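S.K.: This one is model_4.tsv, TSV, C-alpha atoms.
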```tsv
chain	number	residue	atom	x	y	z
A	357	MET	CA	0.00	0.00	0.00
A	358	PRO	CA	1.19	3.59	-0.60
A	359	GLU	CA	2.49	5.82	2.17
A	360	LYS	CA	-0.79	7.72	2.00
A	361	SER	CA	-2.41	4.75	3.72
A	362	VAL	CA	-0.84	5.84	7.01
A	363	LYS	CA	-0.54	9.17	8.80
A	364	ARG	CA	1.13	10.05	12.07
A	365	THR	CA	-0.46	12.02	14.86
A	366	ALA	CA	0.69	13.33	18.22
A	367	VAL	CA	-0.48	11.34	21.23
A	368	ILE	CA	0.12	11.14	24.95
A	369	LYS	CA	1.11	7.60	25.87
A	370	ILE	CA	0.13	6.51	29.36
A	371	LYS	CA	2.15	3.85	31.17
A	372	ASP	CA	2.39	2.58	34.70
A	373	ASP	CA	5.43	4.77	35.30
A	374	GLY	CA	3.98	7.97	33.86
A	375	ALA	CA	3.11	9.70	30.59
A	376	GLU	CA	5.08	10.78	27.54
A	377	ASN	CA	4.47	12.82	24.42
A	378	THR	CA	5.05	10.74	21.31
A	379	SER	CA	3.47	9.96	17.95
A	380	ASP	CA	1.27	7.15	16.68
A	381	ALA	CA	0.48	5.77	13.22
A	382	LEU	CA	-3.14	5.83	12.06
A	383	ALA	CA	-4.75	3.99	9.16
A	384	ILE	CA	-6.18	6.62	6.80
A	385	GLU	CA	-9.91	6.46	6.11
A	386	GLU	CA	-11.28	8.47	3.17
A	387	PRO	CA	-14.41	8.20	1.02
A	388	LEU	CA	-14.22	6.64	-2.43
A	389	GLU	CA	-16.95	7.32	-4.93
A	390	ILE	CA	-17.41	4.76	-7.70
A	391	ARG	CA	-18.95	6.01	-10.94
A	392	LEU	CA	-20.02	4.10	-14.03
A	393	GLU	CA	-19.71	5.39	-17.59
A	394	TYR	CA	-21.67	3.50	-20.24
A	395	CYS	CA	-23.93	3.94	-23.26
A	396	GLN	CA	-27.61	3.08	-23.29
A	397	ALA	CA	-29.87	3.73	-26.29
A	398	ASN	CA	-26.99	5.72	-27.87
A	399	ASN	CA	-26.86	8.01	-24.85
A	400	ARG	CA	-23.72	8.32	-22.76
A	401	LYS	CA	-24.48	7.99	-19.06
A	402	ILE	CA	-22.42	8.60	-15.96
A	403	GLN	CA	-23.94	7.17	-12.81
A	404	ASN	CA	-22.78	7.18	-9.22
A	405	VAL	CA	-23.22	3.71	-7.72
A	406	SER	CA	-21.37	3.73	-4.41
A	407	VAL	CA	-19.56	5.75	-1.80
A	408	THR	CA	-17.50	3.66	0.57
A	409	MET	CA	-15.10	4.62	3.33
A	410	ARG	CA	-11.78	2.97	2.51
A	411	THR	CA	-8.02	3.12	2.99
A	412	PRO	CA	-6.45	4.67	-0.16
A	413	GLY	CA	-4.58	2.21	-2.33
A	414	ASN	CA	-5.59	-0.42	-4.90
A	415	ASP	CA	-8.61	1.73	-5.74
A	416	ALA	CA	-9.05	0.30	-9.25
A	417	GLU	CA	-9.14	-3.21	-7.78
A	418	LEU	CA	-11.65	-2.07	-5.18
A	419	ALA	CA	-13.94	-0.60	-7.85
A	420	ALA	CA	-13.72	-3.69	-10.07
A	421	GLY	CA	-14.18	-6.08	-7.18
A	422	PHE	CA	-17.16	-4.17	-5.85
A	423	LEU	CA	-18.91	-4.10	-9.23
A	424	PHE	CA	-18.31	-7.83	-9.72
A	425	THR	CA	-19.27	-9.02	-6.25
A	426	GLU	CA	-22.45	-6.94	-6.39
A	427	GLY	CA	-23.41	-8.52	-9.74
A	428	ILE	CA	-23.26	-5.19	-11.59
A	429	VAL	CA	-20.72	-6.57	-14.08
A	430	SER	CA	-20.28	-10.24	-15.01
A	431	ASN	CA	-16.57	-10.49	-15.85
A	432	ALA	CA	-13.40	-8.54	-16.56
A	433	LYS	CA	-14.32	-8.08	-20.24
A	434	ASP	CA	-17.28	-5.92	-19.21
A	435	ILE	CA	-14.81	-3.26	-18.02
A	436	ALA	CA	-13.03	-1.17	-20.66
A	437	GLY	CA	-11.05	0.96	-18.23
A	438	ILE	CA	-10.83	2.33	-14.69
A	439	GLU	CA	-9.22	5.61	-13.72
A	440	HIS	CA	-9.39	8.38	-11.18
A	441	CYS	CA	-11.91	10.98	-12.25
A	442	PHE	CA	-10.41	14.39	-12.92
A	443	ILE	CA	-13.26	16.52	-11.68
A	444	ALA	CA	-13.42	20.23	-11.00
A	445	CYS	CA	-12.28	19.95	-7.39
A	446	ALA	CA	-8.73	18.80	-7.91
A	447	GLU	CA	-8.28	17.87	-4.27
A	448	ASN	CA	-11.01	15.21	-4.61
A	449	LYS	CA	-9.87	13.51	-7.81
A	450	GLU	CA	-8.09	10.69	-6.00
A	451	ASN	CA	-11.32	9.83	-4.19
A	452	VAL	CA	-13.43	9.28	-7.31
A	453	MET	CA	-12.99	6.23	-9.54
A	454	GLU	CA	-14.72	6.20	-12.90
A	455	VAL	CA	-15.30	2.80	-14.45
A	456	LYS	CA	-15.88	2.80	-18.20
A	457	LEU	CA	-17.83	-0.20	-19.38
A	458	ALA	CA	-17.13	-1.95	-22.67
A	459	GLU	CA	-19.17	-1.08	-25.71
A	460	GLY	CA	-22.62	-2.63	-25.56
A	461	ILE	CA	-22.45	-3.41	-21.83
A	462	VAL	CA	-25.27	-2.00	-19.72
A	463	PRO	CA	-24.78	-2.42	-15.94
A	464	ASN	CA	-27.12	-4.74	-14.08
A	465	LEU	CA	-28.24	-2.27	-11.44
A	466	ARG	CA	-31.61	-3.95	-10.81
A	467	ASN	CA	-29.97	-6.76	-8.86
A	468	ALA	CA	-28.00	-4.42	-6.61
A	469	GLU	CA	-30.77	-4.32	-3.98
A	470	ARG	CA	-28.93	-2.28	-1.42
A	471	ASN	CA	-28.25	1.17	-0.15
A	472	PHE	CA	-25.12	2.23	-2.04
A	473	TYR	CA	-23.78	4.35	0.78
A	474	THR	CA	-21.59	2.00	2.78
A	475	THR	CA	-19.30	2.58	5.71
A	476	SER	CA	-16.10	0.83	6.72
A	477	SER	CA	-18.05	-1.38	9.13
A	478	CYS	CA	-21.11	-2.19	7.02
A	479	GLY	CA	-20.87	-3.53	3.50
A	480	VAL	CA	-24.30	-5.01	2.98
A	481	CYS	CA	-26.86	-2.41	4.08
A	482	GLY	CA	-30.21	-3.20	2.53
A	483	LYS	CA	-29.32	-6.51	0.85
A	484	GLY	CA	-32.56	-8.28	0.11
A	485	SER	CA	-31.95	-11.95	0.88
A	486	ILE	CA	-29.79	-14.98	0.28
A	487	ALA	CA	-32.04	-15.82	-2.66
A	488	ALA	CA	-31.16	-12.51	-4.35
A	489	ILE	CA	-27.48	-13.49	-4.43
A	490	ARG	CA	-28.17	-16.73	-6.28
A	491	THR	CA	-29.76	-14.82	-9.16
A	492	VAL	CA	-26.59	-12.86	-9.99
A	493	GLY	CA	-23.77	-15.30	-9.21
A	494	SER	CA	-21.60	-16.26	-12.19
A	495	PHE	CA	-20.35	-19.54	-10.70
A	496	ASN	CA	-23.35	-20.87	-8.78
A	497	ASP	CA	-23.75	-23.86	-11.08
A	498	GLN	CA	-20.09	-24.78	-11.43
A	499	LYS	CA	-19.08	-28.39	-10.89
A	500	GLU	CA	-17.46	-28.85	-7.50
A	501	TYR	CA	-13.69	-29.19	-7.60
A	502	GLN	CA	-12.74	-32.03	-5.26
A	503	ILE	CA	-10.44	-30.72	-2.52
A	504	SER	CA	-9.03	-32.50	0.53
A	505	ILE	CA	-6.91	-30.35	2.85
A	506	ASN	CA	-5.17	-31.47	6.04
A	507	SER	CA	-6.45	-29.51	9.01
A	508	GLU	CA	-2.87	-28.74	10.09
A	509	LEU	CA	-2.37	-26.59	6.98
A	510	PHE	CA	-4.82	-24.01	8.32
A	511	TYR	CA	-2.68	-23.43	11.41
A	512	ARG	CA	0.10	-21.86	9.28
A	513	LEU	CA	-2.06	-19.37	7.42
A	514	PRO	CA	-2.55	-16.59	10.04
A	515	GLY	CA	1.21	-16.37	10.64
A	516	ILE	CA	1.90	-16.04	6.93
A	517	LEU	CA	-0.74	-13.34	6.63
A	518	ARG	CA	0.53	-11.37	9.60
A	519	LYS	CA	4.02	-11.16	8.05
A	520	GLN	CA	2.46	-9.52	4.97
A	521	GLN	CA	0.31	-6.98	6.81
A	522	GLN	CA	2.68	-4.04	6.64
A	523	VAL	CA	0.16	-1.30	7.40
A	524	PHE	CA	-1.44	-3.35	10.18
A	525	GLU	CA	1.93	-3.65	11.88
A	526	ASP	CA	2.20	0.15	11.86
A	527	THR	CA	-1.36	1.00	12.87
A	528	GLY	CA	-3.17	-2.07	14.20
A	529	GLY	CA	-6.22	-0.66	12.43
A	530	LEU	CA	-6.69	-2.58	9.19
A	531	HIS	CA	-8.50	-5.69	8.08
A	532	ALA	CA	-6.92	-8.07	5.60
A	533	SER	CA	-8.07	-10.67	3.10
A	534	ALA	CA	-5.62	-13.19	1.72
A	535	LEU	CA	-5.79	-15.82	-0.97
A	536	PHE	CA	-3.85	-19.08	-0.63
A	537	THR	CA	-3.45	-22.14	-2.80
A	538	ILE	CA	-4.77	-25.40	-1.36
A	539	THR	CA	-1.16	-26.26	-0.47
A	540	GLY	CA	-0.74	-23.10	1.61
A	541	GLU	CA	1.11	-20.87	-0.85
A	542	LEU	CA	0.23	-17.19	-0.50
A	543	LEU	CA	-1.14	-15.69	-3.72
A	544	LEU	CA	-2.51	-12.24	-2.80
A	545	VAL	CA	-3.06	-10.00	0.22
A	546	ARG	CA	-5.09	-6.81	0.39
A	547	GLU	CA	-5.71	-4.53	3.39
A	548	ASP	CA	-8.29	-1.89	4.15
A	549	VAL	CA	-9.99	-0.15	7.05
A	550	GLY	CA	-13.18	-1.85	5.83
A	551	ARG	CA	-13.26	-5.64	5.83
A	552	HIS	CA	-15.55	-5.76	2.78
A	553	ASN	CA	-13.25	-3.34	0.93
A	554	ALA	CA	-10.23	-5.56	1.60
A	555	LEU	CA	-12.06	-8.49	0.03
A	556	ASP	CA	-13.30	-6.43	-2.92
A	557	LYS	CA	-9.70	-5.34	-3.57
A	558	LEU	CA	-8.58	-8.97	-3.44
A	559	ILE	CA	-11.31	-10.18	-5.80
A	560	GLY	CA	-10.76	-7.19	-8.07
A	561	ALA	CA	-7.08	-8.10	-8.38
A	562	ALA	CA	-7.99	-11.71	-9.15
A	563	LEU	CA	-10.52	-10.49	-11.73
A	564	HIS	CA	-7.82	-8.49	-13.51
A	565	LYS	CA	-5.56	-11.57	-13.51
A	566	ASN	CA	-8.35	-13.73	-15.00
A	567	TRP	CA	-8.14	-16.12	-12.05
A	568	LEU	CA	-11.88	-16.48	-11.48
A	569	PRO	CA	-13.52	-18.74	-10.45
A	570	LEU	CA	-11.37	-19.06	-7.33
A	571	ASN	CA	-12.57	-22.59	-6.56
A	572	LYS	CA	-9.04	-23.92	-6.01
A	573	THR	CA	-8.06	-21.45	-3.33
A	574	ILE	CA	-8.48	-20.73	0.39
A	575	LEU	CA	-9.70	-17.31	1.51
A	576	LEU	CA	-8.35	-16.15	4.87
A	577	LEU	CA	-10.06	-13.28	6.70
A	578	SER	CA	-8.15	-11.45	9.44
A	579	GLY	CA	-11.31	-10.80	11.46
A	580	ARG	CA	-14.81	-12.16	11.69
A	581	ALA	CA	-16.74	-13.82	8.86
A	582	SER	CA	-19.82	-11.72	8.20
A	583	PHE	CA	-22.64	-12.24	5.73
A	584	GLU	CA	-21.32	-9.74	3.17
A	585	LEU	CA	-17.88	-11.38	3.10
A	586	VAL	CA	-19.31	-14.84	2.47
A	587	GLN	CA	-21.57	-13.29	-0.19
A	588	LYS	CA	-18.60	-11.75	-2.01
A	589	ALA	CA	-16.63	-14.99	-1.74
A	590	ALA	CA	-19.57	-16.92	-3.21
A	591	MET	CA	-19.73	-14.52	-6.16
A	592	ALA	CA	-16.04	-15.25	-6.89
A	593	GLY	CA	-16.50	-19.02	-6.71
A	594	ILE	CA	-14.50	-19.41	-3.48
A	595	CYS	CA	-15.43	-22.63	-1.68
A	596	ILE	CA	-13.16	-22.49	1.40
A	597	ILE	CA	-13.16	-19.60	3.88
A	598	ALA	CA	-11.13	-19.47	7.08
A	599	ALA	CA	-11.59	-16.58	9.51
A	600	VAL	CA	-9.51	-15.61	12.51
A	601	GLY	CA	-12.69	-14.40	14.20
A	602	ALA	CA	-16.22	-15.66	14.59
A	603	PRO	CA	-18.83	-16.12	11.86
A	604	SER	CA	-22.29	-14.60	12.13
A	605	SER	CA	-25.41	-16.75	12.00
A	606	LEU	CA	-26.36	-15.44	8.56
A	607	ALA	CA	-22.82	-16.06	7.27
A	608	VAL	CA	-23.16	-19.72	8.30
A	609	GLU	CA	-26.57	-19.98	6.61
A	610	LEU	CA	-25.20	-18.50	3.41
A	611	ALA	CA	-22.12	-20.75	3.45
A	612	GLU	CA	-24.35	-23.79	3.89
A	613	GLU	CA	-26.60	-22.64	1.04
A	614	PHE	CA	-23.65	-22.33	-1.34
A	615	ASN	CA	-21.73	-25.42	-0.12
A	616	ILE	CA	-18.84	-23.29	1.14
A	617	THR	CA	-16.51	-24.69	3.77
A	618	LEU	CA	-16.50	-22.10	6.55
A	619	ALA	CA	-14.04	-22.21	9.43
A	620	GLY	CA	-13.83	-19.71	12.27
A	621	PHE	CA	-11.76	-18.90	15.37
A	622	LEU	CA	-8.58	-19.90	13.52
A	623	ARG	CA	-5.92	-19.23	16.13
A	624	ASP	CA	-3.79	-20.95	18.74
A	625	GLN	CA	-3.60	-24.17	16.71
A	626	ARG	CA	-7.35	-24.66	16.63
A	627	PHE	CA	-10.47	-23.72	14.67
A	628	ASN	CA	-14.15	-24.59	14.30
A	629	ILE	CA	-15.72	-25.94	11.11
A	630	TYR	CA	-19.26	-24.67	10.60
A	631	THR	CA	-20.21	-25.91	7.14
A	632	ALA	CA	-19.08	-28.33	4.40
A	633	ALA	CA	-16.51	-30.14	6.54
A	634	HIS	CA	-15.97	-32.76	3.81
A	635	ARG	CA	-13.12	-30.70	2.29
A	636	ILE	CA	-11.00	-30.85	5.45
A	637	LEU	CA	-9.19	-34.00	6.56
A	638	LEU	CA	-9.79	-34.15	10.28
A	639	PRO	CA	-7.12	-35.32	12.74
A	640	ILE	CA	-7.74	-38.79	14.13
A	641	HIS	CA	-8.82	-38.45	17.75
A	642	GLU	CA	-11.10	-40.43	19.98
A	643	ASN	CA	-13.30	-37.33	20.53
A	644	THR	CA	-13.77	-36.66	16.79
A	645	TYR	CA	-17.28	-37.47	15.68
```
Would you write out, as structure tokens, the structure that this file holds?

M.R.:
Amino acid sequence: MPEKSVKRTAVIKIKDDGAENTSDALAIEEPLEIRLEYCQANNRKIQNVSVTMRTPGNDAELAAGFLFTEGIVSNAKDIAGIEHCFIACAENKENVMEVKLAEGIVPNLRNAERNFYTTSSCGVCGKGSIAAIRTVGSFNDQKEYQISINSELFYRLPGILRKQQQVFEDTGGLHASALFTITGELLLVREDVGRHNALDKLIGAALHKNWLPLNKTILLLSGRASFELVQKAAMAGICIIAAVGAPSSLAVELAEEFNITLAGFLRDQRFNIYTAAHRILLPIHENTY
């Protein structure tokens, strides 16, 4: 991530033996507006579709990933170009991304049943239902790729991720999403102040690399597994999700609906499997059922 992802501020640090004036690193949070440019009935249209609070960096990936995981575009070929919008207020140009759609592509905005103002903590405000996601997913009917992963492999993943979280080490204030091969090789990491933004950046990068569907990978989330994160993973064809934190009840329901292996509380050499346990080879133990 660029240096603009972090800023320093003066603080007073309190310790048992007193107080001192020092500085602290903060993760930057700024709004990003995503605009679409496309032609419909020979008329050029520019439409605002989202404002999200994010950490600057990988903005083109964030825009592409957001449009794909929300079902607004179907694949990378739908996008002709992405660039910062040079609008009248020059100081705001880095916070507006304009996505130009390919000729003949009209965005599928009917299926985006949500409030398009999102915050860093909420990425799914107004989403209709689990059923709505099934109508826009590109890989819902794909044949399952047979995967068998030793449970011990999962223990290594958080440590590998932590070594790659450069901004987190400075600030302690960012979420991360990471993509691994089924043998534990790190493929991509993206960070953001918003957990859904980090995943959109990750999926956007994979979209640009023509890696989708991501049905031969493991997605690792640095925090909890919420509904919107499982939804975005399902859109990308991901079938294994491991989270350092807890899943929500709706995240588990969605994972079960889409046959996604969902693991949570991945830390201290342990984790829980909530759905689709058939992809994980369990250790042999007398208390394993």

S.K.: If we count only C-alpha atoms and set the cut-off at 9 Å, which residues sit around Leu585 in chain A, ignoring sequence neighbours fewer than 3 positions away in its own chain? Please answer as a PyMOL selection string.

M.R.: chain A and resi 479+551-552+555+577+581-582+588-590+607

S.K.: Which residue, A:Gln396, A:Ser578, A:Thr378, A:Thr631, has the smallest gap to Ala534 in chain A when you use all atoms listed in the file?

M.R.: A:Ser578

S.K.: In Å, rounded to a single decimal, give me how far CA of Glu386 in chain A is from CA of Lys401 in chain A.

M.R.: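 Pair CA of Lys401 in chain A / CA of Glu386 in chain A returns 25.9 Å.
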
S.K.: Using only C-alpha atoms, which residue out of A:Ile516, A:Leu542, A:Ile505, A:Leu563 lies closest to Ala419 in chain A?

M.R.: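 Among the listed residues, the smallest separation from Ala419 in chain A belongs to A:Leu563.
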
S.K.: Which distance in Å separates CA of Leu618 in chain A and CA of Ala632 in chain A, to one decimal?

M.R.: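 Between CA of Leu618 in chain A and CA of Ala632 in chain A the gap works out to 7.1 Å.
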
S.K.: Counting only C-alpha atoms, find residues at most 10 Å from (-13.4, -13.9, -11.0) (file frame) and give them as a list in words.

M.R.: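 Nearby residues: Gly421, Phe424, Thr425, Ser430, Asn431, Ala432, Ser494, Phe495, Ile559, Gly560, Ala561, Ala562, Leu563, His564, Lys565, Asn566, Trp567, Leu568, Pro569, Leu570, Asn571, Ala589, Met591, Ala592, Gly593 and Ile594 of chain A.
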
S.K.: For C-alpha atoms, I'd like the residues from the last selection saved as a short mmCIF file (atom, residue, chain, number, x, y, z; two decimals), in the coordinates of the input.

M.R.:
```cif
data_model
loop_
_atom_site.label_atom_id
_atom_site.label_comp_id
_atom_site.auth_asym_id
_atom_site.auth_seq_id
_atom_site.Cartn_x
_atom_site.Cartn_y
_atom_site.Cartn_z
CA GLY A 421 -14.18 -6.08 -7.18
CA PHE A 424 -18.31 -7.83 -9.72
CA THR A 425 -19.27 -9.02 -6.25
CA SER A 430 -20.28 -10.24 -15.01
CA ASN A 431 -16.57 -10.49 -15.85
CA ALA A 432 -13.40 -8.54 -16.56
CA SER A 494 -21.60 -16.26 -12.19
CA PHE A 495 -20.35 -19.54 -10.70
CA ILE A 559 -11.31 -10.18 -5.80
CA GLY A 560 -10.76 -7.19 -8.07
CA ALA A 561 -7.08 -8.10 -8.38
CA ALA A 562 -7.99 -11.71 -9.15
CA LEU A 563 -10.52 -10.49 -11.73
CA HIS A 564 -7.82 -8.49 -13.51
CA LYS A 565 -5.56 -11.57 -13.51
CA ASN A 566 -8.35 -13.73 -15.00
CA TRP A 567 -8.14 -16.12 -12.05
CA LEU A 568 -11.88 -16.48 -11.48
CA PRO A 569 -13.52 -18.74 -10.45
CA LEU A 570 -11.37 -19.06 -7.33
CA ASN A 571 -12.57 -22.59 -6.56
CA ALA A 589 -16.63 -14.99 -1.74
CA MET A 591 -19.73 -14.52 -6.16
CA ALA A 592 -16.04 -15.25 -6.89
CA GLY A 593 -16.50 -19.02 -6.71
CA ILE A 594 -14.50 -19.41 -3.48
#
```

S.K.: Neighbouring residues of Glu547 in chain A were defined as those with any atom within 10 Å, considering all atoms listed in the file; residues of the same chain fewer than 3 positions away were excluded. Please report them as a list in words.

M.R.: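 That gives Met357, Ser361, Arg410, Thr411, Pro412, Gly413, Asn414, Gln520, Gln521, Gln522, Val523, Phe524, Gly529, Leu530, His531, Ala532, Ser533, Ala534, Gly550, Arg551, His552, Asn553, Ala554, Leu555, Lys557, Leu558 and Ser578 of chain A.
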
S.K.: Restricting the calculation to all atoms listed in the file, which member of A:Val455, A:Lys360, A:Phe583, A:Ser604 is positioned closest to Phe422 in chain A?

M.R.: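 Nearest candidate to Phe422 in chain A out of A:Val455, A:Lys360, A:Phe583, A:Ser604: A:Val455.
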
S.K.: Identify, on the basis of only C-alpha atoms, every residue whose closest approach to Arg623 in chain A does not exceed 9 Å; exclude the query and any residue fewer than 4 positions from it along the same chain; express the result as a list in words.

M.R.: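 Once the nearby chain positions are removed, what remains is Tyr511, Pro514, Val600, Gly601 and Phe627 of chain A.
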
S.K.: What is the distance between CA of Leu423 in chain A and CA of Glu439 in chain A, in Å to one decimal?

M.R.: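 Taking CA of Leu423 in chain A and CA of Glu439 in chain A, their separation equals 14.4 Å.
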
S.K.: Would you please work out which residue, of A:Leu513, A:Leu637, A:Val586, A:Asn628, is nearest to Ile616 in chain A when using all atoms listed in the file?

M.R.: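 So, comparing all the options, the nearest one is A:Val586.
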
S.K.: Can you tell me which residues surround Val452 in chain A at a distance of at most 8 Å, considering all atoms listed in the file, apart from same-chain residues fewer than 2 positions away, and format the answer as a count of residues only?

M.R.: 10

S.K.: Of the candidates A:Ala598, A:Leu576, A:Thr365, A:Asn506, which shows the shortest atom-to-atom distance to Pro639 in chain A, using all atoms listed in the file?

M.R.: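 When distances to Pro639 in chain A are compared using all atoms listed in the file, the smallest one comes from A:Asn506.
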
S.K.: Using only C-alpha atoms, which of A:Ile596, A:Ile640, A:Val362, A:Leu606 sits nearest Glu500 in chain A?

M.R.: A:Ile596

S.K.: Render range 391-399 of chain A from the structure in the preceding block as a file of all heavy atoms, as a short mmCIF file (atom, residue, chain, number, x, y, z; two decimals), in the first residue's frame.

M.R.:
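Output saved as out_33.cif:
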```
data_model
loop_
_atom_site.label_atom_id
_atom_site.label_comp_id
_atom_site.auth_asym_id
_atom_site.auth_seq_id
_atom_site.Cartn_x
_atom_site.Cartn_y
_atom_site.Cartn_z
N ARG A 391 -18.04 5.57 -9.89
CA ARG A 391 -18.95 6.01 -10.94
C ARG A 391 -18.86 5.07 -12.13
O ARG A 391 -17.79 4.54 -12.43
CB ARG A 391 -18.61 7.43 -11.41
CG ARG A 391 -18.75 8.50 -10.35
CD ARG A 391 -18.39 9.85 -10.94
NE ARG A 391 -18.58 10.93 -9.98
CZ ARG A 391 -18.32 12.21 -10.23
NH1 ARG A 391 -17.89 12.57 -11.44
NH2 ARG A 391 -18.51 13.13 -9.30
N LEU A 392 -19.97 4.90 -12.81
CA LEU A 392 -20.02 4.10 -14.03
C LEU A 392 -20.23 5.00 -15.24
O LEU A 392 -21.05 5.92 -15.20
CB LEU A 392 -21.18 3.09 -13.97
CG LEU A 392 -21.00 1.84 -13.12
CD1 LEU A 392 -22.28 1.01 -13.18
CD2 LEU A 392 -19.83 1.01 -13.59
N GLU A 393 -19.48 4.72 -16.31
CA GLU A 393 -19.71 5.39 -17.59
C GLU A 393 -20.08 4.32 -18.62
O GLU A 393 -19.34 3.36 -18.81
CB GLU A 393 -18.46 6.14 -18.05
CG GLU A 393 -18.64 6.82 -19.41
CD GLU A 393 -17.37 7.48 -19.91
OE1 GLU A 393 -16.41 7.61 -19.12
OE2 GLU A 393 -17.33 7.86 -21.10
N TYR A 394 -21.23 4.49 -19.27
CA TYR A 394 -21.67 3.50 -20.24
C TYR A 394 -22.66 4.15 -21.20
O TYR A 394 -23.12 5.28 -20.98
CB TYR A 394 -22.33 2.30 -19.54
CG TYR A 394 -23.55 2.64 -18.73
CD1 TYR A 394 -24.84 2.45 -19.24
CD2 TYR A 394 -23.43 3.12 -17.43
CE1 TYR A 394 -25.97 2.75 -18.49
CE2 TYR A 394 -24.55 3.43 -16.67
CZ TYR A 394 -25.81 3.24 -17.21
OH TYR A 394 -26.93 3.53 -16.46
N CYS A 395 -22.96 3.44 -22.28
CA CYS A 395 -23.93 3.94 -23.26
C CYS A 395 -25.19 3.10 -23.22
O CYS A 395 -25.12 1.87 -23.14
CB CYS A 395 -23.33 3.90 -24.67
SG CYS A 395 -22.08 5.16 -24.96
N GLN A 396 -26.32 3.76 -23.26
CA GLN A 396 -27.61 3.08 -23.29
C GLN A 396 -28.52 3.83 -24.25
O GLN A 396 -28.72 5.04 -24.10
CB GLN A 396 -28.24 3.02 -21.90
CG GLN A 396 -29.51 2.19 -21.83
CD GLN A 396 -30.01 2.05 -20.40
OE1 GLN A 396 -29.74 2.86 -19.54
NE2 GLN A 396 -30.74 0.96 -20.15
N ALA A 397 -29.02 3.11 -25.26
CA ALA A 397 -29.87 3.73 -26.29
C ALA A 397 -29.15 4.92 -26.93
O ALA A 397 -29.72 5.99 -27.13
CB ALA A 397 -31.20 4.15 -25.70
N ASN A 398 -27.84 4.71 -27.22
CA ASN A 398 -26.99 5.72 -27.87
C ASN A 398 -26.77 6.97 -27.02
O ASN A 398 -26.30 7.99 -27.54
CB ASN A 398 -27.59 6.12 -29.23
CG ASN A 398 -27.59 4.97 -30.22
OD1 ASN A 398 -26.65 4.18 -30.27
ND2 ASN A 398 -28.65 4.88 -31.02
N ASN A 399 -27.10 6.89 -25.76
CA ASN A 399 -26.86 8.01 -24.85
C ASN A 399 -25.77 7.65 -23.85
O ASN A 399 -25.81 6.58 -23.24
CB ASN A 399 -28.14 8.38 -24.10
CG ASN A 399 -29.22 8.93 -25.00
OD1 ASN A 399 -28.92 9.70 -25.91
ND2 ASN A 399 -30.47 8.55 -24.76
#
```
